[in-house]
file model_28.cif (mmCIF, N, CA and C atoms)
data_target
#
loop_
_atom_site.group_PDB
_atom_site.id
_atom_site.type_symbol
_atom_site.label_atom_id
_atom_site.label_comp_id
_atom_site.auth_asym_id
_atom_site.auth_seq_id
_atom_site.Cartn_x
_atom_site.Cartn_y
_atom_site.Cartn_z
ATOM 1 N N MET L 1 0.851 -1.178 0.000
ATOM 2 C CA MET L 1 0.000 0.000 0.000
ATOM 3 C C MET L 1 0.892 1.236 0.000
ATOM 4 N N GLY L 2 0.698 2.117 -0.980
ATOM 5 C CA GLY L 2 1.502 3.325 -1.072
ATOM 6 C C GLY L 2 0.981 4.417 -0.165
ATOM 7 N N SER L 3 1.761 5.463 -0.056
ATOM 8 C CA SER L 3 1.315 6.576 0.777
ATOM 9 C C SER L 3 0.653 7.620 -0.101
ATOM 10 N N GLU L 4 -0.263 8.343 0.514
ATOM 11 C CA GLU L 4 -1.011 9.379 -0.173
ATOM 12 C C GLU L 4 -0.855 10.666 0.627
ATOM 13 N N VAL L 5 -0.778 11.789 -0.059
ATOM 14 C CA VAL L 5 -0.678 13.082 0.616
ATOM 15 C C VAL L 5 -2.060 13.725 0.609
ATOM 16 N N VAL L 6 -2.498 14.154 1.789
ATOM 17 C CA VAL L 6 -3.804 14.782 1.949
ATOM 18 C C VAL L 6 -3.587 16.190 2.461
ATOM 19 N N ARG L 7 -4.264 17.140 1.857
ATOM 20 C CA ARG L 7 -4.175 18.531 2.288
ATOM 21 C C ARG L 7 -5.347 18.832 3.216
ATOM 22 N N VAL L 8 -5.016 19.295 4.423
ATOM 23 C CA VAL L 8 -6.049 19.650 5.403
ATOM 24 C C VAL L 8 -5.746 21.034 5.961
ATOM 25 N N THR L 9 -6.762 21.649 6.508
ATOM 26 C CA THR L 9 -6.599 22.949 7.162
ATOM 27 C C THR L 9 -6.993 22.793 8.622
ATOM 28 N N ILE L 10 -6.075 23.162 9.499
ATOM 29 C CA ILE L 10 -6.337 23.116 10.934
ATOM 30 C C ILE L 10 -6.057 24.489 11.492
ATOM 31 N N PHE L 11 -7.102 25.089 12.023
ATOM 32 C CA PHE L 11 -7.023 26.405 12.645
ATOM 33 C C PHE L 11 -6.378 27.441 11.723
ATOM 34 N N GLY L 12 -6.806 27.385 10.446
ATOM 35 C CA GLY L 12 -6.359 28.374 9.480
ATOM 36 C C GLY L 12 -5.012 28.086 8.826
ATOM 37 N N THR L 13 -4.383 26.993 9.193
ATOM 38 C CA THR L 13 -3.093 26.645 8.611
ATOM 39 C C THR L 13 -3.247 25.382 7.771
ATOM 40 N N ASP L 14 -2.724 25.430 6.541
ATOM 41 C CA ASP L 14 -2.788 24.270 5.658
ATOM 42 C C ASP L 14 -1.634 23.319 5.948
ATOM 43 N N PHE L 15 -1.945 22.035 5.912
ATOM 44 C CA PHE L 15 -0.952 20.990 6.122
ATOM 45 C C PHE L 15 -1.090 19.948 5.022
ATOM 46 N N ASN L 16 0.032 19.500 4.498
ATOM 47 C CA ASN L 16 0.063 18.356 3.599
ATOM 48 C C ASN L 16 0.510 17.165 4.430
ATOM 49 N N LEU L 17 -0.406 16.233 4.649
ATOM 50 C CA LEU L 17 -0.143 15.099 5.531
ATOM 51 C C LEU L 17 -0.027 13.816 4.718
ATOM 52 N N ARG L 18 0.990 13.044 4.999
ATOM 53 C CA ARG L 18 1.183 11.758 4.331
ATOM 54 C C ARG L 18 0.395 10.699 5.085
ATOM 55 N N CYS L 19 -0.382 9.944 4.378
ATOM 56 C CA CYS L 19 -1.198 8.873 4.957
ATOM 57 C C CYS L 19 -0.526 7.545 4.661
ATOM 58 N N ASP L 20 0.336 7.087 5.536
ATOM 59 C CA ASP L 20 1.021 5.821 5.311
ATOM 60 C C ASP L 20 0.199 4.637 5.805
ATOM 61 N N GLY L 21 -0.369 4.756 6.993
ATOM 62 C CA GLY L 21 -1.121 3.627 7.536
ATOM 63 C C GLY L 21 -2.620 3.850 7.526
ATOM 64 N N ALA L 22 -3.033 5.065 7.330
ATOM 65 C CA ALA L 22 -4.454 5.398 7.373
ATOM 66 C C ALA L 22 -4.916 5.822 5.986
ATOM 67 N N ASP L 23 -6.202 5.673 5.769
ATOM 68 C CA ASP L 23 -6.708 6.136 4.493
ATOM 69 C C ASP L 23 -6.936 7.645 4.553
ATOM 70 N N ALA L 24 -7.087 8.244 3.405
ATOM 71 C CA ALA L 24 -7.211 9.702 3.307
ATOM 72 C C ALA L 24 -8.424 10.213 4.070
ATOM 73 N N GLU L 25 -9.519 9.484 3.998
ATOM 74 C CA GLU L 25 -10.741 9.933 4.675
ATOM 75 C C GLU L 25 -10.552 9.957 6.190
ATOM 76 N N THR L 26 -9.865 8.965 6.727
ATOM 77 C CA THR L 26 -9.598 8.947 8.170
ATOM 78 C C THR L 26 -8.728 10.135 8.556
ATOM 79 N N THR L 27 -7.738 10.424 7.750
ATOM 80 C CA THR L 27 -6.862 11.568 8.024
ATOM 81 C C THR L 27 -7.660 12.866 8.012
ATOM 82 N N ARG L 28 -8.554 13.008 7.063
ATOM 83 C CA ARG L 28 -9.405 14.216 7.010
ATOM 84 C C ARG L 28 -10.313 14.311 8.241
ATOM 85 N N ARG L 29 -10.871 13.177 8.650
ATOM 86 C CA ARG L 29 -11.750 13.172 9.827
ATOM 87 C C ARG L 29 -10.980 13.545 11.085
ATOM 88 N N VAL L 30 -9.768 13.031 11.217
ATOM 89 C CA VAL L 30 -8.937 13.363 12.383
ATOM 90 C C VAL L 30 -8.617 14.854 12.376
ATOM 91 N N ALA L 31 -8.235 15.381 11.224
ATOM 92 C CA ALA L 31 -7.919 16.811 11.122
ATOM 93 C C ALA L 31 -9.138 17.664 11.454
ATOM 94 N N THR L 32 -10.300 17.257 10.989
ATOM 95 C CA THR L 32 -11.534 17.987 11.302
ATOM 96 C C THR L 32 -11.806 17.954 12.799
ATOM 97 N N TYR L 33 -11.572 16.803 13.418
ATOM 98 C CA TYR L 33 -11.780 16.674 14.856
ATOM 99 C C TYR L 33 -10.839 17.587 15.629
ATOM 100 N N VAL L 34 -9.563 17.560 15.261
ATOM 101 C CA VAL L 34 -8.571 18.423 15.924
ATOM 102 C C VAL L 34 -8.964 19.883 15.750
ATOM 103 N N ASN L 35 -9.343 20.260 14.548
ATOM 104 C CA ASN L 35 -9.748 21.641 14.281
ATOM 105 C C ASN L 35 -10.947 22.038 15.144
ATOM 106 N N SER L 36 -11.908 21.134 15.265
ATOM 107 C CA SER L 36 -13.097 21.443 16.074
ATOM 108 C C SER L 36 -12.748 21.581 17.551
ATOM 109 N N LYS L 37 -11.805 20.773 18.035
ATOM 110 C CA LYS L 37 -11.401 20.869 19.437
ATOM 111 C C LYS L 37 -10.683 22.191 19.722
ATOM 112 N N ILE L 38 -9.860 22.618 18.781
ATOM 113 C CA ILE L 38 -9.176 23.915 18.949
ATOM 114 C C ILE L 38 -10.199 25.048 18.941
ATOM 115 N N ALA L 39 -11.144 25.008 17.997
ATOM 116 C CA ALA L 39 -12.166 26.051 17.906
ATOM 117 C C ALA L 39 -13.038 26.074 19.166
ATOM 118 N N GLU L 40 -13.383 24.895 19.653
ATOM 119 C CA GLU L 40 -14.180 24.779 20.875
ATOM 120 C C GLU L 40 -13.455 25.406 22.064
ATOM 121 N N LEU L 41 -12.185 25.105 22.187
ATOM 122 C CA LEU L 41 -11.385 25.643 23.285
ATOM 123 C C LEU L 41 -11.235 27.156 23.158
ATOM 124 N N GLN L 42 -11.082 27.636 21.931
ATOM 125 C CA GLN L 42 -10.953 29.067 21.721
ATOM 126 C C GLN L 42 -12.219 29.796 22.176
ATOM 127 N N GLU L 43 -13.370 29.207 21.894
ATOM 128 C CA GLU L 43 -14.634 29.812 22.333
ATOM 129 C C GLU L 43 -14.734 29.843 23.850
ATOM 130 N N LEU L 44 -14.295 28.768 24.484
ATOM 131 C CA LEU L 44 -14.395 28.669 25.941
ATOM 132 C C LEU L 44 -13.428 29.602 26.657
ATOM 133 N N THR L 45 -12.247 29.799 26.075
ATOM 134 C CA THR L 45 -11.224 30.578 26.766
ATOM 135 C C THR L 45 -11.054 31.986 26.208
ATOM 136 N N ALA L 46 -11.577 32.211 25.015
ATOM 137 C CA ALA L 46 -11.393 33.491 24.318
ATOM 138 C C ALA L 46 -9.916 33.814 24.115
ATOM 139 N N SER L 47 -9.081 32.780 24.094
ATOM 140 C CA SER L 47 -7.649 32.969 23.903
ATOM 141 C C SER L 47 -7.342 33.178 22.432
ATOM 142 N N ARG L 48 -6.337 33.957 22.162
ATOM 143 C CA ARG L 48 -5.880 34.194 20.785
ATOM 144 C C ARG L 48 -4.470 33.641 20.583
ATOM 145 N N ASP L 49 -3.930 32.991 21.599
ATOM 146 C CA ASP L 49 -2.596 32.413 21.513
ATOM 147 C C ASP L 49 -2.703 31.045 20.856
ATOM 148 N N ASP L 50 -2.333 30.980 19.578
ATOM 149 C CA ASP L 50 -2.482 29.746 18.811
ATOM 150 C C ASP L 50 -1.725 28.573 19.426
ATOM 151 N N MET L 51 -0.515 28.819 19.878
ATOM 152 C CA MET L 51 0.285 27.738 20.462
ATOM 153 C C MET L 51 -0.377 27.198 21.730
ATOM 154 N N LYS L 52 -0.845 28.100 22.572
ATOM 155 C CA LYS L 52 -1.503 27.674 23.806
ATOM 156 C C LYS L 52 -2.760 26.872 23.481
ATOM 157 N N LEU L 53 -3.535 27.322 22.518
ATOM 158 C CA LEU L 53 -4.753 26.608 22.123
ATOM 159 C C LEU L 53 -4.413 25.222 21.577
ATOM 160 N N ALA L 54 -3.368 25.152 20.768
ATOM 161 C CA ALA L 54 -2.977 23.871 20.187
ATOM 162 C C ALA L 54 -2.523 22.897 21.271
ATOM 163 N N VAL L 55 -1.712 23.377 22.210
ATOM 164 C CA VAL L 55 -1.204 22.507 23.275
ATOM 165 C C VAL L 55 -2.338 22.071 24.197
ATOM 166 N N LEU L 56 -3.198 22.990 24.592
ATOM 167 C CA LEU L 56 -4.323 22.631 25.460
ATOM 168 C C LEU L 56 -5.273 21.662 24.764
ATOM 169 N N SER L 57 -5.487 21.865 23.476
ATOM 170 C CA SER L 57 -6.334 20.938 22.716
ATOM 171 C C SER L 57 -5.697 19.563 22.640
ATOM 172 N N ALA L 58 -4.388 19.530 22.422
ATOM 173 C CA ALA L 58 -3.680 18.251 22.390
ATOM 174 C C ALA L 58 -3.806 17.532 23.732
ATOM 175 N N LEU L 59 -3.691 18.285 24.816
ATOM 176 C CA LEU L 59 -3.833 17.685 26.146
ATOM 177 C C LEU L 59 -5.251 17.144 26.348
ATOM 178 N N ASN L 60 -6.254 17.892 25.906
ATOM 179 C CA ASN L 60 -7.642 17.431 26.026
ATOM 180 C C ASN L 60 -7.875 16.161 25.210
ATOM 181 N N ILE L 61 -7.356 16.146 23.983
ATOM 182 C CA ILE L 61 -7.518 14.973 23.128
ATOM 183 C C ILE L 61 -6.770 13.782 23.721
ATOM 184 N N ALA L 62 -5.576 14.011 24.245
ATOM 185 C CA ALA L 62 -4.820 12.933 24.888
ATOM 186 C C ALA L 62 -5.579 12.412 26.106
ATOM 187 N N GLY L 63 -6.219 13.301 26.845
ATOM 188 C CA GLY L 63 -7.034 12.885 27.986
ATOM 189 C C GLY L 63 -8.180 11.987 27.547
ATOM 190 N N GLU L 64 -8.830 12.349 26.434
ATOM 191 C CA GLU L 64 -9.899 11.514 25.887
ATOM 192 C C GLU L 64 -9.354 10.135 25.507
ATOM 193 N N LEU L 65 -8.188 10.120 24.898
ATOM 194 C CA LEU L 65 -7.565 8.862 24.497
ATOM 195 C C LEU L 65 -7.275 7.993 25.713
ATOM 196 N N PHE L 66 -6.718 8.588 26.756
ATOM 197 C CA PHE L 66 -6.390 7.830 27.965
ATOM 198 C C PHE L 66 -7.651 7.258 28.603
ATOM 199 N N GLU L 67 -8.726 8.047 28.647
ATOM 200 C CA GLU L 67 -9.987 7.557 29.204
ATOM 201 C C GLU L 67 -10.520 6.390 28.383
ATOM 202 N N THR L 68 -10.458 6.517 27.074
ATOM 203 C CA THR L 68 -10.941 5.460 26.190
ATOM 204 C C THR L 68 -10.099 4.202 26.352
ATOM 205 N N LYS L 69 -8.780 4.370 26.455
ATOM 206 C CA LYS L 69 -7.908 3.214 26.655
ATOM 207 C C LYS L 69 -8.213 2.523 27.978
ATOM 208 N N ALA L 70 -8.446 3.302 29.018
ATOM 209 C CA ALA L 70 -8.751 2.724 30.323
ATOM 210 C C ALA L 70 -10.056 1.927 30.259
ATOM 211 N N LYS L 71 -11.062 2.465 29.579
ATOM 212 C CA LYS L 71 -12.332 1.743 29.426
ATOM 213 C C LYS L 71 -12.120 0.466 28.623
ATOM 214 N N TYR L 72 -11.333 0.552 27.577
ATOM 215 C CA TYR L 72 -11.041 -0.614 26.752
ATOM 216 C C TYR L 72 -10.342 -1.691 27.584
ATOM 217 N N GLU L 73 -9.345 -1.289 28.350
ATOM 218 C CA GLU L 73 -8.612 -2.250 29.177
ATOM 219 C C GLU L 73 -9.532 -2.897 30.212
ATOM 220 N N ALA L 74 -10.437 -2.120 30.796
ATOM 221 C CA ALA L 74 -11.375 -2.679 31.770
ATOM 222 C C ALA L 74 -12.283 -3.716 31.102
ATOM 223 N N GLU L 75 -12.753 -3.399 29.908
ATOM 224 C CA GLU L 75 -13.599 -4.344 29.183
ATOM 225 C C GLU L 75 -12.806 -5.573 28.745
ATOM 226 N N ALA L 76 -11.571 -5.373 28.314
ATOM 227 C CA ALA L 76 -10.724 -6.494 27.904
ATOM 228 C C ALA L 76 -10.466 -7.422 29.095
ATOM 229 N N LYS L 77 -10.300 -6.844 30.285
ATOM 230 C CA LYS L 77 -10.098 -7.658 31.484
ATOM 231 C C LYS L 77 -11.349 -8.482 31.775
ATOM 232 N N LYS L 78 -12.520 -7.879 31.614
ATOM 233 C CA LYS L 78 -13.768 -8.630 31.816
ATOM 234 C C LYS L 78 -13.834 -9.810 30.852
ATOM 235 N N VAL L 79 -13.464 -9.571 29.605
ATOM 236 C CA VAL L 79 -13.481 -10.647 28.613
ATOM 237 C C VAL L 79 -12.518 -11.764 29.022
ATOM 238 N N ARG L 80 -11.303 -11.387 29.448
ATOM 239 C CA ARG L 80 -10.332 -12.397 29.888
ATOM 240 C C ARG L 80 -10.872 -13.187 31.088
ATOM 241 N N ASP L 81 -11.531 -12.479 32.023
ATOM 242 C CA ASP L 81 -12.100 -13.160 33.190
ATOM 243 C C ASP L 81 -13.190 -14.142 32.766
ATOM 244 N N TYR L 82 -14.051 -13.727 31.826
ATOM 245 C CA TYR L 82 -15.095 -14.615 31.329
ATOM 246 C C TYR L 82 -14.489 -15.825 30.618
ATOM 247 N N GLU L 83 -13.425 -15.595 29.868
ATOM 248 C CA GLU L 83 -12.755 -16.709 29.182
ATOM 249 C C GLU L 83 -12.238 -17.727 30.196
ATOM 250 N N GLU L 84 -11.645 -17.242 31.288
ATOM 251 C CA GLU L 84 -11.142 -18.144 32.327
ATOM 252 C C GLU L 84 -12.289 -18.922 32.976
ATOM 253 N N LYS L 85 -13.407 -18.241 33.222
ATOM 254 C CA LYS L 85 -14.566 -18.926 33.808
ATOM 255 C C LYS L 85 -15.098 -19.994 32.857
ATOM 256 N N ILE L 86 -15.150 -19.659 31.570
ATOM 257 C CA ILE L 86 -15.630 -20.622 30.572
ATOM 258 C C ILE L 86 -14.709 -21.831 30.520
ATOM 259 N N LYS L 87 -13.403 -21.592 30.566
ATOM 260 C CA LYS L 87 -12.447 -22.709 30.561
ATOM 261 C C LYS L 87 -12.659 -23.606 31.781
ATOM 262 N N ALA L 88 -12.843 -22.978 32.943
ATOM 263 C CA ALA L 88 -13.034 -23.754 34.175
ATOM 264 C C ALA L 88 -14.323 -24.575 34.095
ATOM 265 N N ILE L 89 -15.378 -23.987 33.584
ATOM 266 C CA ILE L 89 -16.649 -24.713 33.450
ATOM 267 C C ILE L 89 -16.507 -25.846 32.441
ATOM 268 N N THR L 90 -15.786 -25.583 31.352
ATOM 269 C CA THR L 90 -15.565 -26.613 30.331
ATOM 270 C C THR L 90 -14.810 -27.802 30.917
ATOM 271 N N VAL L 91 -13.803 -27.517 31.739
ATOM 272 C CA VAL L 91 -13.054 -28.597 32.389
ATOM 273 C C VAL L 91 -13.978 -29.418 33.288
ATOM 274 N N LYS L 92 -14.842 -28.742 34.033
ATOM 275 C CA LYS L 92 -15.783 -29.453 34.917
ATOM 276 C C LYS L 92 -16.757 -30.308 34.107
ATOM 277 N N ILE L 93 -17.260 -29.765 33.007
ATOM 278 C CA ILE L 93 -18.194 -30.513 32.164
ATOM 279 C C ILE L 93 -17.494 -31.735 31.567
ATOM 280 N N ASP L 94 -16.284 -31.509 31.056
ATOM 281 C CA ASP L 94 -15.530 -32.627 30.485
ATOM 282 C C ASP L 94 -15.262 -33.692 31.543
ATOM 283 N N GLY L 95 -14.960 -33.250 32.751
ATOM 284 C CA GLY L 95 -14.725 -34.193 33.849
ATOM 285 C C GLY L 95 -15.993 -34.967 34.191
ATOM 286 N N ALA L 96 -17.120 -34.283 34.194
ATOM 287 C CA ALA L 96 -18.385 -34.949 34.502
ATOM 288 C C ALA L 96 -18.744 -35.936 33.407
ATOM 289 N N LYS L 97 -18.453 -35.617 32.154
ATOM 290 C CA LYS L 97 -18.711 -36.540 31.058
ATOM 291 C C LYS L 97 -17.888 -37.811 31.239
ATOM 292 N N GLY L 98 -16.644 -37.626 31.645
ATOM 293 C CA GLY L 98 -15.760 -38.778 31.878
ATOM 294 C C GLY L 98 -16.276 -39.661 32.991
ATOM 295 N N LEU L 99 -16.795 -39.065 34.060
ATOM 296 C CA LEU L 99 -17.344 -39.823 35.161
ATOM 297 C C LEU L 99 -18.570 -40.591 34.720
ATOM 298 N N GLY L 100 -19.384 -39.943 33.889
ATOM 299 C CA GLY L 100 -20.596 -40.604 33.390
ATOM 300 C C GLY L 100 -20.273 -41.797 32.544
ATOM 301 N N ARG L 101 -19.254 -41.660 31.709
ATOM 302 C CA ARG L 101 -18.844 -42.775 30.850
ATOM 303 C C ARG L 101 -18.279 -43.921 31.694
ATOM 304 N N ALA L 102 -17.513 -43.570 32.723
ATOM 305 C CA ALA L 102 -16.920 -44.602 33.581
ATOM 306 C C ALA L 102 -17.997 -45.367 34.333
ATOM 307 N N ALA L 103 -19.025 -44.658 34.792
ATOM 308 C CA ALA L 103 -20.115 -45.325 35.540
ATOM 309 C C ALA L 103 -20.948 -46.198 34.600
ATOM 310 N N ALA L 104 -21.086 -45.768 33.332
ATOM 311 C CA ALA L 104 -21.896 -46.549 32.384
ATOM 312 C C ALA L 104 -21.115 -47.758 31.881
ATOM 313 N N GLY L 105 -19.804 -47.696 31.874
ATOM 314 C CA GLY L 105 -18.974 -48.744 31.293
ATOM 315 C C GLY L 105 -18.662 -49.845 32.176
#

call {"tool": "encode", "arguments": {"input": "model_28.cif", "output": "structure tokens"}}
result
Amino acid sequence: MGSEVVRVTIFGTDFNLRCDGADAETTRRVATYVNSKIAELQELTASRDDMKLAVLSALNIAGELFETKAKYEAEAKKVRDYEEKIKAITVKIDGAKGLGRAAAG
């Protein structure tokens, strides 16, 4: 898969972004999301410092990512716990089948 260059505008600045692992549409959606977060923060703070807005937006987005990862890990742990319970029940069922066969034989 080759790389594609996508032109996006974030907070009034144009960027040519290479899409090596992502498709162009995903890159555009991410850029739109970042742009919306910066604009949202600008409205809330009335700040005109572009660097400060960009850094604060990055921190907010990173916070969202960390929260999502934590939720994912919690759900993944539940799945692993259920898998262990299923294995334990399967062992018990298999053991009971063996006992039944031994009693019938």

call {"tool": "atom_distance", "arguments": {"input": "model_28.cif", "atom1": "atom CA of L:Leu59", "atom2": "atom CA of L:Ala22"}}
result
22.4 Å

call {"tool": "atom_distance", "arguments": {"input": "model_28.cif", "atom1": "atom CA of L:Arg28", "atom2": "atom CA of L:Ser3"}}
result
14.6 Å

call {"tool": "select_by_dssp", "arguments": {"input": "model_28.cif", "residues": "chain L", "states": "strand (DSSP E or B)", "output": "MDAnalysis selection string"}}
result
chainID L and resid 4:10 13:19

call {"tool": "resolve_selection", "arguments": {"input": "model_28.cif", "expression": "the PyMOL selection byres (((chain L and resi 34 and name CA) around 10) and name CA)", "output": "VMD selection string"}}
result
chain L and resid 10 to 11 28 to 33 35 to 40 54 57 to 58 61

call {"tool": "atom_distance", "arguments": {"input": "model_28.cif", "atom1": "atom C of L:Glu25", "atom2": "atom CA of L:Thr13"}}
result
18.4 Å

call {"tool": "select_by_dssp", "arguments": {"input": "model_28.cif", "residues": "chain L", "states": "helix (DSSP H, G or I)", "output": "number ranges by chain"}}
result
L: 24-45, 50-104
